[in-house]
Amino acid sequence: MSTLKENWRIALLVVLLIGAALALFVPGVPAGDTGNATSDAPTNLQYGIQLSGGTRIRAPVVGQTAEGVDVDPNDTAQLSQNVANRLGIDPIDVDVRAPDQQRDTGAVEVFTNDVTREEFRSALEAEGYQPDTIRDGVTRETRQQMVTSVQDKIQTSALSGGSVQTVSAPGGGQFISITAPGRDREDLVRILEERGIVRMYAVHQADNGTYVREQVLSQDEFAGVASENSQTEGPIARVTVEEAAAERFSQQMVDAGFDQRRSCTNYNHSDIQQTQGSCLVATLNGEPFYARGVAPGLAQSFRENTFKNDPVFVLPAESMDMAREIELNLKAGRLPAPLDFENSQSISLDPALAQQFQQNSLITGLLAVLAVSLVVYARYGRKEVAAPMVVTALSEVFLLLGFVAFVQYPLNLSHLAGFIAVIGTGVDDLIIIADEILQQGNIETGRVFQSRFRKAFWVIGAAAATTIVAMSPLMVLSLGDLSGFAIITIVGVLLGVLVTRPAYGDILRSFVLDED
């Protein structure tokens, strides 16, 4: 009988199976959110839109890019402001990129459909720049920022199982592809239409008696936010200011006269001269959602310069939906540019049809296992050889399920096809091992067994390497569902070569080797 030292591969397989079971069935074990799995769900597995229903939208980014604009890095902010002023657009819709290690020449982008190429070129020429070309679309850097920002937004919106990537359009150009399981198109568009641009202004009377509006906080100066339904104040968003900005913000509020209690009435964002009193105003995407005075406690913290020690203030909201919207936009950050939903492509799948796909996939998997079991038993006619082979192949699938549950990888039909491919390649490799060991005569010593096993393992190792090399381009290229199929297949092959095939060798050894 083999010693425990010789059976360490079986022990490793058992430990990994226990870990996979924890990832699949114990709440809180997976690294990410539990996704589509709820407290009533049997597993922690997440499902994509093909198995849970939902929407996939592919939309281009709104914008134009002027290339060949050689701007000095120290002049980017000023050029951005000047171009915005000349075009009559918000400075946030202009982005200037100076040449750097990734970019040989500079570029200027505008993120709006309200500017023509001629107007864009004229604005740059008026600033002393001669762009080489002006084209529709945005830079690669902006697309990467869009992917990150949208990913943060959908995660903060509890769109579990959602994914974001850039894909090539059939006629050229690049789209941002957003997949949201469990959401219809209207919900997804509503979330993505809001760019989440939050600003805070101090509105007060100047020395000449007219009202002025000064920006005192920008989006990136908010450190955190939490929405709640306060018993005394109702729906609120509790906002924390970045430590580096808190003292400056406090001094600006003192300079604007907010170091004393202030009331705010009759505020009009389009005509601030109608304002009465002094107002602290917060806007979301340019529209005010908060315009109130300053309470005595907050004014005192400004006056005594203690706000920097506890830089927190409260934004009352009209409803909890508005409070959560504020929280979402401050947490997720703003989108660098809007998405063009008018020229988008979308696919929606009904949850009932997705449920049917789940059931059909389960039946297909069970039939595949049954067919493999019958073929293996017919091949060898020995339970001690066939049974471990089937169990080992199933353990490989179970390990793979544990892996996707742990990393919270949403499953679609292409991934299930990868599982079936893993079953096929796994059993094929196990048959190679069994044939090499059993069809070459009696095994009398462990050295003979090890020699035959090593010879078989070289064959399956080479086959595994070939599979990984063949699948790698599918994994790294933006080929949609084919990438998921390649990922599942590669991970399954690696688990097989590193864990289950060696463990099957130890199991087979204990059955066929009779050492004194």
# chains A, B, ... in the order shown; residues from 1 in each chain; ligands from 1
$ residues_around --residues "Ala486 (chain A)" --least-positions-apart "4" --cutoff "12 Å" --atoms "only C-alpha atoms" --output "ChimeraX atom specification"
/A:414-419,421-422,467-482,490-493
$ write_last_selection --atoms "N, CA and C atoms" --output "tab-separated table (two decimals), in the first residue's frame"
chain	number	residue	atom	x	y	z
A	414	SER	N	-21.29	30.31	-23.30
A	414	SER	CA	-19.96	29.99	-23.81
A	414	SER	C	-19.09	29.37	-22.72
A	415	HIS	N	-19.27	29.81	-21.48
A	415	HIS	CA	-18.50	29.24	-20.38
A	415	HIS	C	-18.91	27.80	-20.11
A	416	LEU	N	-20.21	27.53	-20.22
A	416	LEU	CA	-20.68	26.16	-20.03
A	416	LEU	C	-20.13	25.25	-21.13
A	417	ALA	N	-20.00	25.78	-22.34
A	417	ALA	CA	-19.36	25.00	-23.40
A	417	ALA	C	-17.92	24.69	-23.02
A	418	GLY	N	-17.25	25.64	-22.36
A	418	GLY	CA	-15.91	25.38	-21.89
A	418	GLY	C	-15.86	24.27	-20.85
A	419	PHE	N	-16.88	24.21	-19.97
A	419	PHE	CA	-16.94	23.13	-18.98
A	419	PHE	C	-17.06	21.77	-19.67
A	421	ALA	N	-16.06	21.06	-22.67
A	421	ALA	CA	-14.76	20.78	-23.30
A	421	ALA	C	-13.76	20.27	-22.27
A	422	VAL	N	-13.80	20.83	-21.06
A	422	VAL	CA	-12.89	20.38	-20.00
A	422	VAL	C	-13.18	18.93	-19.64
A	467	THR	N	-3.13	23.07	-26.17
A	467	THR	CA	-4.45	23.66	-25.95
A	467	THR	C	-4.34	25.08	-25.42
A	468	ILE	N	-3.44	25.28	-24.46
A	468	ILE	CA	-3.28	26.62	-23.86
A	468	ILE	C	-2.79	27.62	-24.90
A	469	VAL	N	-1.82	27.20	-25.71
A	469	VAL	CA	-1.29	28.10	-26.75
A	469	VAL	C	-2.38	28.44	-27.77
A	470	ALA	N	-3.18	27.44	-28.13
A	470	ALA	CA	-4.23	27.67	-29.13
A	470	ALA	C	-5.32	28.59	-28.59
A	471	MET	N	-5.62	28.47	-27.28
A	471	MET	CA	-6.71	29.25	-26.69
A	471	MET	C	-6.27	30.65	-26.25
A	472	SER	N	-4.97	30.87	-26.06
A	472	SER	CA	-4.51	32.15	-25.53
A	472	SER	C	-4.92	33.35	-26.37
A	473	PRO	N	-4.82	33.30	-27.71
A	473	PRO	CA	-5.28	34.47	-28.48
A	473	PRO	C	-6.76	34.77	-28.27
A	474	LEU	N	-7.59	33.73	-28.13
A	474	LEU	CA	-9.02	33.95	-27.89
A	474	LEU	C	-9.25	34.62	-26.54
A	475	MET	N	-8.37	34.33	-25.58
A	475	MET	CA	-8.54	34.88	-24.24
A	475	MET	C	-8.20	36.36	-24.18
A	476	VAL	N	-7.16	36.78	-24.89
A	476	VAL	CA	-6.67	38.15	-24.76
A	476	VAL	C	-7.31	39.11	-25.77
A	477	LEU	N	-7.83	38.59	-26.88
A	477	LEU	CA	-8.45	39.46	-27.87
A	477	LEU	C	-9.89	39.76	-27.48
A	478	SER	N	-10.39	40.91	-27.94
A	478	SER	CA	-11.77	41.32	-27.63
A	478	SER	C	-12.73	40.61	-28.57
A	479	LEU	N	-13.00	39.33	-28.27
A	479	LEU	CA	-13.85	38.51	-29.13
A	479	LEU	C	-15.13	38.08	-28.43
A	480	GLY	N	-15.55	38.87	-27.44
A	480	GLY	CA	-16.83	38.62	-26.78
A	480	GLY	C	-16.85	37.29	-26.04
A	481	ASP	N	-17.87	36.48	-26.34
A	481	ASP	CA	-18.09	35.24	-25.61
A	481	ASP	C	-16.97	34.22	-25.84
A	482	LEU	N	-16.26	34.31	-26.96
A	482	LEU	CA	-15.16	33.38	-27.19
A	482	LEU	C	-14.06	33.52	-26.13
A	490	ILE	N	-8.78	27.04	-20.49
A	490	ILE	CA	-7.39	27.12	-20.03
A	490	ILE	C	-7.28	26.83	-18.54
A	491	VAL	N	-8.16	27.43	-17.73
A	491	VAL	CA	-8.11	27.18	-16.29
A	491	VAL	C	-8.39	25.71	-16.00
A	492	GLY	N	-9.36	25.11	-16.73
A	492	GLY	CA	-9.66	23.69	-16.53
A	492	GLY	C	-8.49	22.80	-16.88
A	493	VAL	N	-7.80	23.11	-17.99
A	493	VAL	CA	-6.63	22.32	-18.39
A	493	VAL	C	-5.52	22.43	-17.35
$ atom_distance --atom1 "CA of Arg140 (chain A)" --atom2 "CA of Leu335 (chain A)"
14.8 Å
$ residues_around --residues "region 354-364 of chain A" --least-positions-apart "4" --cutoff "12 Å" --atoms "only C-alpha atoms" --output "JSON list (two decimals) with all heavy atoms, in the first residue's frame"
[["chain", "number", "residue", "atom", "x", "y", "z"],
["A", 47, "TYR", "N", -24.27, 34.70, -12.74],
["A", 47, "TYR", "CA", -24.66, 34.34, -14.10],
["A", 47, "TYR", "C", -24.71, 35.60, -14.96],
["A", 47, "TYR", "O", -25.13, 36.66, -14.50],
["A", 47, "TYR", "CB", -26.02, 33.66, -14.12],
["A", 47, "TYR", "CG", -26.07, 32.38, -13.31],
["A", 47, "TYR", "CD1", -26.70, 32.34, -12.08],
["A", 47, "TYR", "CD2", -25.46, 31.23, -13.79],
["A", 47, "TYR", "CE1", -26.73, 31.17, -11.33],
["A", 47, "TYR", "CE2", -25.48, 30.06, -13.05],
["A", 47, "TYR", "CZ", -26.11, 30.04, -11.82],
["A", 47, "TYR", "OH", -26.11, 28.88, -11.08],
["A", 48, "GLY", "N", -24.25, 35.46, -16.21],
["A", 48, "GLY", "CA", -24.35, 36.55, -17.16],
["A", 48, "GLY", "C", -25.76, 36.64, -17.73],
["A", 48, "GLY", "O", -26.67, 35.93, -17.31],
["A", 49, "ILE", "N", -25.93, 37.51, -18.71],
["A", 49, "ILE", "CA", -27.28, 37.78, -19.21],
["A", 49, "ILE", "C", -27.87, 36.56, -19.92],
["A", 49, "ILE", "O", -29.09, 36.42, -19.96],
["A", 49, "ILE", "CB", -27.30, 39.00, -20.15],
["A", 49, "ILE", "CG1", -26.44, 38.77, -21.40],
["A", 49, "ILE", "CG2", -26.85, 40.23, -19.43],
["A", 49, "ILE", "CD1", -26.59, 39.87, -22.44],
["A", 50, "GLN", "N", -27.03, 35.66, -20.44],
["A", 50, "GLN", "CA", -27.57, 34.50, -21.15],
["A", 50, "GLN", "C", -28.20, 33.49, -20.19],
["A", 50, "GLN", "O", -29.01, 32.67, -20.61],
["A", 50, "GLN", "CB", -26.47, 33.83, -21.96],
["A", 50, "GLN", "CG", -25.96, 34.69, -23.11],
["A", 50, "GLN", "CD", -24.77, 34.07, -23.81],
["A", 50, "GLN", "OE1", -24.17, 33.12, -23.32],
["A", 50, "GLN", "NE2", -24.42, 34.62, -24.98],
["A", 51, "LEU", "N", -27.82, 33.55, -18.92],
["A", 51, "LEU", "CA", -28.35, 32.60, -17.94],
["A", 51, "LEU", "C", -29.17, 33.26, -16.84],
["A", 51, "LEU", "O", -29.70, 32.56, -15.97],
["A", 51, "LEU", "CB", -27.21, 31.80, -17.31],
["A", 51, "LEU", "CG", -26.40, 30.92, -18.28],
["A", 51, "LEU", "CD1", -25.24, 30.27, -17.55],
["A", 51, "LEU", "CD2", -27.30, 29.85, -18.90],
["A", 52, "SER", "N", -29.26, 34.58, -16.86],
["A", 52, "SER", "CA", -30.06, 35.26, -15.84],
["A", 52, "SER", "C", -30.97, 36.34, -16.43],
["A", 52, "SER", "O", -31.78, 36.91, -15.72],
["A", 52, "SER", "CB", -29.15, 35.90, -14.79],
["A", 52, "SER", "OG", -28.38, 36.94, -15.37],
["A", 53, "GLY", "N", -30.83, 36.62, -17.73],
["A", 53, "GLY", "CA", -31.57, 37.72, -18.33],
["A", 53, "GLY", "C", -30.83, 39.02, -18.11],
["A", 53, "GLY", "O", -29.97, 39.14, -17.24],
["A", 54, "GLY", "N", -31.13, 40.03, -18.88],
["A", 54, "GLY", "CA", -30.47, 41.31, -18.72],
["A", 54, "GLY", "C", -30.26, 42.00, -20.05],
["A", 54, "GLY", "O", -30.92, 41.68, -21.05],
["A", 55, "THR", "N", -29.32, 42.95, -20.07],
["A", 55, "THR", "CA", -29.12, 43.80, -21.24],
["A", 55, "THR", "C", -27.63, 43.97, -21.51],
["A", 55, "THR", "O", -26.83, 44.08, -20.59],
["A", 55, "THR", "CB", -29.75, 45.19, -21.03],
["A", 55, "THR", "OG1", -31.14, 45.03, -20.76],
["A", 55, "THR", "CG2", -29.56, 46.07, -22.25],
["A", 181, "PRO", "N", -26.49, 41.97, -16.13],
["A", 181, "PRO", "CA", -27.49, 40.93, -15.86],
["A", 181, "PRO", "C", -28.60, 41.45, -14.96],
["A", 181, "PRO", "O", -28.36, 42.21, -14.03],
["A", 181, "PRO", "CB", -26.67, 39.84, -15.14],
["A", 181, "PRO", "CG", -25.25, 40.12, -15.52],
["A", 181, "PRO", "CD", -25.15, 41.60, -15.68],
["A", 182, "GLY", "N", -29.81, 41.00, -15.27],
["A", 182, "GLY", "CA", -30.94, 41.33, -14.41],
["A", 182, "GLY", "C", -31.49, 42.73, -14.58],
["A", 182, "GLY", "O", -32.36, 43.15, -13.81],
["A", 348, "SER", "N", -31.31, 42.46, -25.34],
["A", 348, "SER", "CA", -31.99, 42.17, -24.08],
["A", 348, "SER", "C", -32.50, 40.74, -24.10],
["A", 348, "SER", "O", -32.96, 40.24, -25.13],
["A", 348, "SER", "CB", -33.15, 43.14, -23.84],
["A", 348, "SER", "OG", -32.67, 44.47, -23.70],
["A", 349, "LEU", "N", -32.41, 40.07, -22.94],
["A", 349, "LEU", "CA", -32.85, 38.68, -22.83],
["A", 349, "LEU", "C", -33.81, 38.56, -21.67],
["A", 349, "LEU", "O", -33.52, 39.01, -20.55],
["A", 349, "LEU", "CB", -31.65, 37.75, -22.62],
["A", 349, "LEU", "CG", -31.96, 36.25, -22.68],
["A", 349, "LEU", "CD1", -32.41, 35.84, -24.08],
["A", 349, "LEU", "CD2", -30.73, 35.44, -22.29],
["A", 350, "ASP", "N", -34.98, 37.97, -21.94],
["A", 350, "ASP", "CA", -35.99, 37.80, -20.90],
["A", 350, "ASP", "C", -35.51, 36.80, -19.85],
["A", 350, "ASP", "O", -34.95, 35.75, -20.19],
["A", 350, "ASP", "CB", -37.28, 37.28, -21.55],
["A", 350, "ASP", "CG", -38.41, 37.22, -20.53],
["A", 350, "ASP", "OD1", -39.03, 38.26, -20.27],
["A", 350, "ASP", "OD2", -38.66, 36.12, -20.00],
["A", 368, "ALA", "N", -23.68, 14.62, -20.79],
["A", 368, "ALA", "CA", -22.27, 14.47, -21.14],
["A", 368, "ALA", "C", -21.56, 13.57, -20.13],
["A", 368, "ALA", "O", -20.77, 12.68, -20.51],
["A", 368, "ALA", "CB", -21.59, 15.84, -21.20],
["A", 369, "VAL", "N", -21.83, 13.76, -18.86],
["A", 369, "VAL", "CA", -21.21, 12.93, -17.81],
["A", 369, "VAL", "C", -21.66, 11.48, -17.96],
["A", 369, "VAL", "O", -20.85, 10.54, -17.86],
["A", 369, "VAL", "CB", -21.56, 13.47, -16.42],
["A", 369, "VAL", "CG1", -21.09, 12.50, -15.33],
["A", 369, "VAL", "CG2", -20.93, 14.84, -16.21],
["A", 370, "LEU", "N", -22.95, 11.26, -18.20],
["A", 370, "LEU", "CA", -23.47, 9.91, -18.35],
["A", 370, "LEU", "C", -22.85, 9.21, -19.56],
["A", 370, "LEU", "O", -22.42, 8.04, -19.48],
["A", 370, "LEU", "CB", -25.00, 9.94, -18.50],
["A", 370, "LEU", "CG", -25.69, 8.59, -18.71],
["A", 370, "LEU", "CD1", -25.45, 7.67, -17.52],
["A", 370, "LEU", "CD2", -27.19, 8.79, -18.95],
["A", 371, "ALA", "N", -22.74, 9.94, -20.68],
["A", 371, "ALA", "CA", -22.16, 9.35, -21.88],
["A", 371, "ALA", "C", -20.69, 8.99, -21.67],
["A", 371, "ALA", "O", -20.23, 7.91, -22.06],
["A", 371, "ALA", "CB", -22.31, 10.32, -23.06],
["A", 411, "LEU", "N", -21.16, 33.47, -15.36],
["A", 411, "LEU", "CA", -21.22, 32.39, -16.33],
["A", 411, "LEU", "C", -22.23, 32.68, -17.43],
["A", 411, "LEU", "O", -23.36, 33.10, -17.15],
["A", 411, "LEU", "CB", -21.58, 31.07, -15.64],
["A", 411, "LEU", "CG", -20.55, 30.52, -14.64],
["A", 411, "LEU", "CD1", -21.11, 29.28, -13.96],
["A", 411, "LEU", "CD2", -19.24, 30.20, -15.34],
["A", 412, "ASN", "N", -21.83, 32.41, -18.66],
["A", 412, "ASN", "CA", -22.73, 32.45, -19.81],
["A", 412, "ASN", "C", -22.67, 31.11, -20.53],
["A", 412, "ASN", "O", -21.96, 30.20, -20.12],
["A", 412, "ASN", "CB", -22.34, 33.59, -20.76],
["A", 412, "ASN", "CG", -22.92, 34.94, -20.33],
["A", 412, "ASN", "OD1", -24.09, 35.01, -19.96],
["A", 412, "ASN", "ND2", -22.12, 35.98, -20.37],
["A", 413, "LEU", "N", -23.42, 30.99, -21.62],
["A", 413, "LEU", "CA", -23.46, 29.72, -22.36],
["A", 413, "LEU", "C", -22.09, 29.34, -22.88],
["A", 413, "LEU", "O", -21.74, 28.16, -22.91],
["A", 413, "LEU", "CB", -24.47, 29.84, -23.52],
["A", 413, "LEU", "CG", -25.94, 29.97, -23.12],
["A", 413, "LEU", "CD1", -26.80, 30.17, -24.36],
["A", 413, "LEU", "CD2", -26.41, 28.74, -22.35],
["A", 414, "SER", "N", -21.29, 30.31, -23.30],
["A", 414, "SER", "CA", -19.96, 29.99, -23.81],
["A", 414, "SER", "C", -19.09, 29.37, -22.72],
["A", 414, "SER", "O", -18.27, 28.49, -22.99],
["A", 414, "SER", "CB", -19.29, 31.25, -24.35],
["A", 414, "SER", "OG", -19.12, 32.22, -23.33],
["A", 415, "HIS", "N", -19.27, 29.81, -21.48],
["A", 415, "HIS", "CA", -18.50, 29.24, -20.38],
["A", 415, "HIS", "C", -18.91, 27.80, -20.11],
["A", 415, "HIS", "O", -18.07, 26.94, -19.81],
["A", 415, "HIS", "CB", -18.67, 30.09, -19.12],
["A", 415, "HIS", "CG", -18.35, 31.53, -19.32],
["A", 415, "HIS", "ND1", -19.24, 32.54, -19.07],
["A", 415, "HIS", "CD2", -17.23, 32.14, -19.79],
["A", 415, "HIS", "CE1", -18.70, 33.70, -19.35],
["A", 415, "HIS", "NE2", -17.47, 33.48, -19.80],
["A", 416, "LEU", "N", -20.21, 27.53, -20.22],
["A", 416, "LEU", "CA", -20.68, 26.16, -20.03],
["A", 416, "LEU", "C", -20.13, 25.25, -21.13],
["A", 416, "LEU", "O", -19.84, 24.07, -20.88],
["A", 416, "LEU", "CB", -22.20, 26.12, -20.00],
["A", 416, "LEU", "CG", -22.85, 26.92, -18.86],
["A", 416, "LEU", "CD1", -24.36, 26.74, -18.88],
["A", 416, "LEU", "CD2", -22.29, 26.50, -17.51],
["A", 417, "ALA", "N", -20.00, 25.78, -22.34],
["A", 417, "ALA", "CA", -19.36, 25.00, -23.40],
["A", 417, "ALA", "C", -17.92, 24.69, -23.02],
["A", 417, "ALA", "O", -17.40, 23.61, -23.31],
["A", 417, "ALA", "CB", -19.41, 25.78, -24.72],
["A", 418, "GLY", "N", -17.25, 25.64, -22.36],
["A", 418, "GLY", "CA", -15.91, 25.38, -21.89],
["A", 418, "GLY", "C", -15.86, 24.27, -20.85],
["A", 418, "GLY", "O", -14.94, 23.45, -20.83],
["A", 419, "PHE", "N", -16.88, 24.21, -19.97],
["A", 419, "PHE", "CA", -16.94, 23.13, -18.98],
["A", 419, "PHE", "C", -17.06, 21.77, -19.67],
["A", 419, "PHE", "O", -16.41, 20.80, -19.27],
["A", 419, "PHE", "CB", -18.15, 23.34, -18.06],
["A", 419, "PHE", "CG", -17.87, 24.25, -16.90],
["A", 419, "PHE", "CD1", -18.09, 25.61, -16.99],
["A", 419, "PHE", "CD2", -17.37, 23.75, -15.72],
["A", 419, "PHE", "CE1", -17.84, 26.46, -15.93],
["A", 419, "PHE", "CE2", -17.11, 24.58, -14.65],
["A", 419, "PHE", "CZ", -17.35, 25.94, -14.76],
["A", 420, "ILE", "N", -17.90, 21.70, -20.70],
["A", 420, "ILE", "CA", -18.06, 20.43, -21.42],
["A", 420, "ILE", "C", -16.75, 20.05, -22.12],
["A", 420, "ILE", "O", -16.34, 18.88, -22.14],
["A", 420, "ILE", "CB", -19.22, 20.54, -22.42],
["A", 420, "ILE", "CG1", -20.54, 20.72, -21.66],
["A", 420, "ILE", "CG2", -19.28, 19.30, -23.31],
["A", 420, "ILE", "CD1", -21.74, 20.95, -22.56]]
$ select_by_dssp --residues "region 210-349 of chain A" --states "helix (DSSP H, G or I)" --output "number ranges by chain"
A: 219-221, 243-255, 272-274, 296-303, 307-309, 320-332, 341-343
$ residues_around --residues "Thr148 (chain A)" --least-positions-apart "3" --cutoff "12 Å" --atoms "only C-alpha atoms" --output "PyMOL selection string"
chain A and resi 141-145+151-155+163-166+176+178+332-336
$ atom_distance --atom1 "CA of Leu16 (chain A)" --atom2 "CA of Leu367 (chain A)"
25.7 Å
$ closest_residue --among "A:Pro60, A:Gly19, A:Gly209, A:Gly88" --to "Gln174 (chain A)" --atoms "only C-alpha atoms"
A:Pro60
$ closest_residue --among "A:Gly461, A:Gly106, A:Gly286, A:Gly293" --to "Phe258 (chain A)" --atoms "only C-alpha atoms"
A:Gly293
